[in-house]
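Comments concern the structure below.
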Amino acid sequence: MRVFGVTGWKNAGKTTLMERLVAEIAGRGLSVSTLKHAHHGFDMDRQGKDSFRHREAGAREVLVASTARFAILHELRGAEEPPLDALIARLAPVDLVLVEGWKRDRHPKLEVWRRATGAALIAADDETIRAIVSDDAPEIARPVLPFGDIARIADFALREAATL
């Protein structure tokens, strides 16, 4: 599988870009999976549901399946967060894995940046960031791709993606 990342600071537009990239690349007939990093606890389950009750009782993994989809909820129960490559290895094979977050991991990525957020460019200190997606004009020796040109951003991501 090939992997490419989208990173940036909060409220820069990462998720919007991910959504548009997935649609563009899948629309070209390629299979795409995504990984999203959350910096805080999150729960996809709800109190009272059977799967929630199983986890609360101590199950390490709960797999919920239907005719439309399945999901595996894995409780770390105090263990370290798995590294990105271990999480990617759990995915079914696809043409491209798009990764949102994981700022400091070593896979190739682009940075979504908006001057209005007041955040510094991560790319200034990170050579794994191959381009900046921005409607502003950051001063950096990397390609700057405009938010609105999703076809060009997708071409860049597909060209720069690393093979695992």
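By order in the structure tokens, chains are A, B, ...; within a chain, residues start at 1; ligands start at 1, following the order shown.
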Write out as a Markdown table the residues of range 144-164 of chain A that have any atom within 12 Å of an atom of range 110-131 of chain A, one row each with the nearest atom pair and its distance in Å to one decimal, counting only C-alpha atoms, sorted by chain and then rising number.
| residue | atom | partner | partner_atom | distance |
| --- | --- | --- | --- | --- |
| A:Val144 | CA | A:Ala131 | CA | 5.8 |
| A:Leu145 | CA | A:Ala131 | CA | 7.2 |
| A:Pro146 | CA | A:Val112 | CA | 9.9 |
| A:Phe147 | CA | A:Val112 | CA | 8.6 |
| A:Arg152 | CA | A:Ala131 | CA | 11.6 |
| A:Ile153 | CA | A:Leu110 | CA | 9.2 |
| A:Ala154 | CA | A:Leu110 | CA | 11.0 |
| A:Phe156 | CA | A:Ala131 | CA | 8.6 |
| A:Ala157 | CA | A:Leu110 | CA | 8.1 |
| A:Leu158 | CA | A:Leu110 | CA | 11.7 |
| A:Arg159 | CA | A:Arg130 | CA | 10.8 |
| A:Glu160 | CA | A:Arg130 | CA | 7.8 |
| A:Ala161 | CA | A:Arg130 | CA | 10.1 |
| A:Ala162 | CA | A:Thr128 | CA | 10.9 |
Could you save those same residues with N, CA and C atoms as a short mmCIF file (atom, residue, chain, number, x, y, z; two decimals), in the first residue's frame?
data_model
loop_
_atom_site.label_atom_id
_atom_site.label_comp_id
_atom_site.auth_asym_id
_atom_site.auth_seq_id
_atom_site.Cartn_x
_atom_site.Cartn_y
_atom_site.Cartn_z
N VAL A 144 3.46 25.46 -3.11
CA VAL A 144 2.25 25.91 -2.43
C VAL A 144 1.10 25.64 -3.38
N LEU A 145 0.17 24.81 -2.93
CA LEU A 145 -0.98 24.41 -3.74
C LEU A 145 -2.23 25.09 -3.20
N PRO A 146 -3.04 25.69 -4.06
CA PRO A 146 -4.25 26.38 -3.58
C PRO A 146 -5.33 25.39 -3.15
N PHE A 147 -6.07 25.75 -2.08
CA PHE A 147 -7.15 24.90 -1.57
C PHE A 147 -8.11 24.46 -2.66
N ARG A 152 -5.12 19.02 -8.62
CA ARG A 152 -3.67 19.21 -8.54
C ARG A 152 -3.12 18.67 -7.21
N ILE A 153 -3.86 18.88 -6.11
CA ILE A 153 -3.43 18.36 -4.81
C ILE A 153 -3.45 16.83 -4.83
N ALA A 154 -4.48 16.24 -5.43
CA ALA A 154 -4.56 14.78 -5.53
C ALA A 154 -3.42 14.23 -6.37
N PHE A 156 -0.50 15.54 -6.76
CA PHE A 156 0.70 15.67 -5.95
C PHE A 156 0.77 14.55 -4.91
N ALA A 157 -0.33 14.31 -4.21
CA ALA A 157 -0.36 13.27 -3.17
C ALA A 157 -0.07 11.89 -3.77
N LEU A 158 -0.66 11.60 -4.90
CA LEU A 158 -0.43 10.30 -5.54
C LEU A 158 1.02 10.16 -6.01
N ARG A 159 1.59 11.23 -6.48
CA ARG A 159 2.98 11.20 -6.96
C ARG A 159 3.96 11.06 -5.79
N GLU A 160 3.68 11.69 -4.66
CA GLU A 160 4.60 11.73 -3.52
C GLU A 160 4.38 10.61 -2.50
N ALA A 161 3.29 9.86 -2.61
CA ALA A 161 2.97 8.81 -1.62
C ALA A 161 4.11 7.79 -1.53
N ALA A 162 4.35 7.36 -0.30
CA ALA A 162 5.40 6.35 -0.05
C ALA A 162 4.80 4.96 -0.13
#
> Per DSSP on the backbone, what are the alpha helix (DSSP H) residues of range 9-158 of chain A, as a ChimeraX atom specification?
Replying inline: /A:14-27,50-57,84-89,150-158
> Out of A:Asp43, A:Pro82, A:Ala151, A:Leu164, which residue has the shortest atom-to-atom distance to Gly27 in chain A when counting only C-alpha atoms?
Replying inline: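 Closest to Gly27 in chain A of all the choices is A:Ala151.
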> A:Ser51, A:Val32, A:Leu76, A:Leu98: which is nearest Thr15 in chain A, counting only C-alpha atoms?
Replying inline: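 Counting only C-alpha atoms, the residue closest to Thr15 in chain A is A:Leu98.
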> Looking at A:Arg55, A:Ile150, A:Asp155, A:Ala137, which one is nearest to Glu19 in chain A, with distances taken over only C-alpha atoms?
Replying inline: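 Selected residue with least distance to Glu19 in chain A: A:Ile150.
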>> Using only C-alpha atoms for the distances, tell me which of A:Ile25, A:Val6, A:Met1, A:Ala68 is nearest to Arg104 in chain A.
In response: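 Counting only C-alpha atoms, the residue closest to Arg104 in chain A is A:Val6.
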> Can you tell me, as JSON, numbers by chain, what residues are no more than 12 Å from Arg90 in chain A when counting only C-alpha atoms, ignoring any on the same chain fewer than 3 positions away?
Replying inline: {"A": [1, 33, 34, 35, 72, 74, 82, 83, 84, 85, 86, 87, 93, 94, 97]}
Put those residues in a file: C-alpha atoms, as a short mmCIF file (atom, residue, chain, number, x, y, z; two decimals), in the first residue's frame.
data_model
loop_
_atom_site.label_atom_id
_atom_site.label_comp_id
_atom_site.auth_asym_id
_atom_site.auth_seq_id
_atom_site.Cartn_x
_atom_site.Cartn_y
_atom_site.Cartn_z
CA MET A 1 0.00 0.00 0.00
CA SER A 33 -8.64 4.25 3.29
CA THR A 34 -8.05 6.89 5.93
CA LEU A 35 -6.58 7.14 9.41
CA ILE A 72 -13.63 -3.09 15.64
CA HIS A 74 -10.00 -1.93 20.55
CA PRO A 82 0.22 1.83 18.60
CA PRO A 83 2.62 3.41 16.11
CA LEU A 84 1.23 4.53 12.76
CA ASP A 85 2.76 1.62 10.82
CA ALA A 86 1.07 -0.90 13.14
CA LEU A 87 -2.30 0.78 12.60
CA PRO A 93 -5.12 -3.49 1.23
CA VAL A 94 -6.01 -0.38 -0.80
CA VAL A 97 -3.95 5.31 2.71
#
